[in-house]
Amino acid sequence: MNGANSTGDAVRDPAFETELQHLRPTLLRFALLHLRDEQSAEDVVQDTFLAALQGRGKFAGRAQLKTWLVAILRNKIVDRIRQRGREAPLPGLDEDEGDADAFDALFAADGHWQEKPAAWGNPEASLQQSRFYDVLELCMKALPENLCRVFTMREILEMETEEICKELQISTSNCWVVLYRARMRLRECLQLRWFGEGVPAE
Amino acid sequence: MKTCKEVHRLVIEGQDRQLSRMERISVRIHLMMCGACRRFEAQMGFLRQALRRFPGD
Ligand SMILES: [Zn+2]
């Protein structure tokens with residue numbers, strides 16, 4: 001934590017630093033999912049720790065520490081993406097991705113579902129299990145890189161669709177198609193790897 | 001009348017763009033009558049909820 005000592009309010013707080021250290025792997029994984037580059041991921045996590053050490057006075061309840069850190073980290077990642085967006089447009093994303101028929105097999109010729117979508121039961125039951133988030137991450141990583149990037153910008157960094165298109169220099173309609181595909185694939189993956197295994201219903 | 005195929009598409013797109021008034025109404029009406037598409041809509045809602053909570057507490 002170089003530099004922390006140079007600011008007057010950042011007095012050493014070993015207990016707090018230990019907690020940060022403890023959360024480091026989780027934050028790194030989160031950053032890596034979005035940035036896909038170890039060095040950038042390290043950087044944003046460092047920045048997040050610095051901000052956390054400087055701002056910890058404002059932070060009262062330690063119970064929500066992770067949520068608070070992820071919120072800071074999310075902003076740092078968005079900044080980083082904005083910085084580099086225009087330099088590195090998305091690879092392999094062109095108008096060819098516009099063929100929207102990839103999921104046609106889900107439907108009969110008359111437009112009805114071939115198979116009724118499964119009931120996913122009580123969402124809270126899944127959302128409270130840490131193993132669920134591992135599966136979710138696995139499913140996101142299984143997406144082709146371009147889909148994953150657009151999708152995580154939209155859903156995890158919560159950026160507006162217009163901004164994502166602008167940053168990545170793709171057309172709006174293309175953006176929708178990419179997001180459509182990502183959602184459909186993720187749904188498929190969760191069905192297979194989580195809900196298909198007989199998970200908590202109610 | 002829209003088919004399930006058209007409606008599932010609009011349900012998804014509704015997460016990323018503002019649907020037109022007509023689109024919203026036709027989706028609503030379809031969902032009132034179609035349990036399969038209601039399930040699909042619930043799945044999409046769940047997905048969003050899960051991603052907003054990622055990486056968990
Ligand atoms: Zn339907």
# chains A, B, ... in the order shown; residues from 1 in each chain; ligands from 1

$ closest_atom_pairs --of "chain A" --to "ligand 1" --cutoff "10 Å" --atoms "only C-alpha atoms and all ligand atoms" --output "tab-separated table"
residue	atom	partner	partner_atom_place_in_ligand_line	distance
A:Gly111	CA	ligand 1	1 (Zn)	8.6
A:His112	CA	ligand 1	1 (Zn)	6.7
A:Trp113	CA	ligand 1	1 (Zn)	7.2
A:Lys116	CA	ligand 1	1 (Zn)	9.1

$ write_last_selection --atoms "N, CA, C and O atoms" --output "PDB file, in the first residue's frame"
ATOM      1  N   GLY A 111     -44.182 -21.266 -33.807  1.00  0.00           N
ATOM      2  CA  GLY A 111     -43.764 -20.232 -32.859  1.00  0.00           C
ATOM      3  C   GLY A 111     -44.001 -20.569 -31.401  1.00  0.00           C
ATOM      4  O   GLY A 111     -43.722 -19.764 -30.524  1.00  0.00           O
ATOM      5  N   HIS A 112     -44.500 -21.767 -31.113  1.00  0.00           N
ATOM      6  CA  HIS A 112     -44.662 -22.190 -29.721  1.00  0.00           C
ATOM      7  C   HIS A 112     -43.376 -22.814 -29.180  1.00  0.00           C
ATOM      8  O   HIS A 112     -42.557 -23.299 -29.941  1.00  0.00           O
ATOM      9  N   TRP A 113     -43.236 -22.813 -27.851  1.00  0.00           N
ATOM     10  CA  TRP A 113     -42.077 -23.456 -27.234  1.00  0.00           C
ATOM     11  C   TRP A 113     -42.099 -24.949 -27.545  1.00  0.00           C
ATOM     12  O   TRP A 113     -43.146 -25.579 -27.415  1.00  0.00           O
ATOM     13  N   LYS A 116     -41.619 -26.429 -22.550  1.00  0.00           N
ATOM     14  CA  LYS A 116     -41.920 -25.323 -21.635  1.00  0.00           C
ATOM     15  C   LYS A 116     -40.701 -25.011 -20.765  1.00  0.00           C
ATOM     16  O   LYS A 116     -40.084 -25.930 -20.212  1.00  0.00           O
TER      17      LYS A 116
END

$ interface_residues --of "chain A" --to "chain B" --cutoff "7 Å" --atoms "only C-alpha atoms" --output "PyMOL selection string"
chain A and resi 66-67+107+111-113+116-120+123+127+130+133+155-156+161+176+180

$ atom_distance --atom1 "CA of Leu23 (chain A)" --atom2 "CA of Thr152 (chain A)"
20.9 Å

$ select_by_dssp --residues "region 31-169 of chain A" --states "helix (DSSP H, G or I)" --output "number ranges by chain"
A: 31-35, 38-58, 62-85, 95-98, 101-106, 123-127, 130-141, 145-155, 161-168

$ atom_distance --atom1 "CA of Phe16 (chain A)" --atom2 "CA of Arg56 (chain A)"
8.8 Å

$ residues_around --residues "Phe30 (chain A)" --least-positions-apart "4" --cutoff "9 Å" --atoms "only C-alpha atoms" --output "list in words"
Pro25, Thr26, His34, Leu35, Ala41, Val70, Leu73 and Arg74 of chain A; Phe54 and Pro55 of chain B

$ residues_around --residues "Leu32 (chain A)" --least-positions-apart "4" --cutoff "12 Å" --atoms "only C-alpha atoms" --output "compact mmCIF listing (two decimals) with N, CA, C and O atoms, in the first residue's frame"
# COMPACT_ATOMS: atom_id res chain seq x y z
N ARG A 24 -9.10 -10.01 -1.00
CA ARG A 24 -8.35 -9.74 -2.22
C ARG A 24 -8.61 -10.75 -3.35
O ARG A 24 -8.87 -10.34 -4.48
N PRO A 25 -8.55 -12.05 -3.07
CA PRO A 25 -8.77 -13.02 -4.16
C PRO A 25 -10.13 -12.85 -4.84
O PRO A 25 -10.22 -12.93 -6.06
N THR A 26 -11.15 -12.61 -4.04
CA THR A 26 -12.49 -12.42 -4.60
C THR A 26 -12.52 -11.21 -5.52
O THR A 26 -13.07 -11.25 -6.63
N LEU A 27 -11.92 -10.11 -5.04
CA LEU A 27 -11.93 -8.88 -5.83
C LEU A 27 -11.13 -9.05 -7.11
O LEU A 27 -11.52 -8.57 -8.18
N LEU A 28 -10.01 -9.74 -6.99
CA LEU A 28 -9.18 -9.98 -8.18
C LEU A 28 -9.94 -10.78 -9.24
O LEU A 28 -9.90 -10.46 -10.43
N ARG A 36 -9.92 -9.05 -18.02
CA ARG A 36 -9.23 -10.13 -18.72
C ARG A 36 -7.74 -9.89 -18.91
O ARG A 36 -7.18 -10.19 -19.95
N ASP A 37 -7.15 -9.29 -17.90
CA ASP A 37 -5.74 -8.97 -18.00
C ASP A 37 -5.26 -8.81 -16.56
O ASP A 37 -5.74 -7.94 -15.83
N GLU A 38 -4.34 -9.67 -16.16
CA GLU A 38 -3.91 -9.74 -14.76
C GLU A 38 -3.42 -8.39 -14.23
O GLU A 38 -3.75 -7.99 -13.14
N GLN A 39 -2.61 -7.72 -15.07
CA GLN A 39 -2.01 -6.48 -14.61
C GLN A 39 -3.08 -5.42 -14.33
O GLN A 39 -3.08 -4.78 -13.28
N SER A 40 -4.01 -5.26 -15.27
CA SER A 40 -5.09 -4.28 -15.07
C SER A 40 -5.92 -4.65 -13.85
O SER A 40 -6.33 -3.79 -13.07
N ALA A 41 -6.16 -5.95 -13.68
CA ALA A 41 -6.95 -6.40 -12.53
C ALA A 41 -6.24 -6.04 -11.23
O ALA A 41 -6.84 -5.50 -10.30
N GLU A 42 -4.95 -6.33 -11.17
CA GLU A 42 -4.14 -5.96 -10.00
C GLU A 42 -4.26 -4.47 -9.73
O GLU A 42 -4.46 -4.04 -8.60
N ASP A 43 -4.12 -3.69 -10.79
CA ASP A 43 -4.15 -2.23 -10.63
C ASP A 43 -5.45 -1.73 -10.02
O ASP A 43 -5.43 -0.92 -9.10
N VAL A 44 -6.57 -2.20 -10.57
CA VAL A 44 -7.83 -1.68 -10.06
C VAL A 44 -8.09 -2.14 -8.62
O VAL A 44 -8.69 -1.40 -7.84
N VAL A 45 -7.61 -3.33 -8.28
CA VAL A 45 -7.78 -3.78 -6.90
C VAL A 45 -6.92 -2.94 -5.95
O VAL A 45 -7.37 -2.53 -4.88
N LEU A 73 -14.85 -1.02 -6.48
CA LEU A 73 -14.13 -1.71 -7.55
C LEU A 73 -14.86 -1.58 -8.89
O LEU A 73 -14.25 -1.37 -9.93
N ARG A 74 -16.17 -1.73 -8.82
CA ARG A 74 -16.99 -1.63 -10.03
C ARG A 74 -16.74 -0.28 -10.73
O ARG A 74 -16.54 -0.22 -11.94
N ILE A 77 -13.37 -0.21 -12.36
CA ILE A 77 -13.34 -1.00 -13.59
C ILE A 77 -14.01 -0.23 -14.74
O ILE A 77 -13.50 -0.20 -15.86
N GLU A 137 -20.41 -17.65 -12.43
CA GLU A 137 -19.16 -17.15 -12.99
C GLU A 137 -18.64 -18.08 -14.09
O GLU A 137 -18.20 -17.64 -15.15
N LYS A 141 -17.91 -17.13 -17.95
CA LYS A 141 -16.62 -17.37 -18.59
C LYS A 141 -16.74 -18.27 -19.80
O LYS A 141 -15.88 -18.24 -20.68
N ARG A 149 -17.89 -9.78 -22.68
CA ARG A 149 -17.53 -8.39 -22.38
C ARG A 149 -18.73 -7.47 -22.40
O ARG A 149 -18.96 -6.68 -21.50
N THR A 152 -21.20 -8.46 -19.42
CA THR A 152 -20.82 -8.07 -18.07
C THR A 152 -20.82 -6.54 -17.91
O THR A 152 -21.13 -6.04 -16.84

$ closest_residue --among "A:Cys165, A:Glu160, A:Asn122, A:Leu143" --to "Leu186 (chain A)" --atoms "only C-alpha atoms"
A:Leu143

$ atom_distance --atom1 "CA of Ala182 (chain A)" --atom2 "CA of Arg28 (chain B)"
23.8 Å
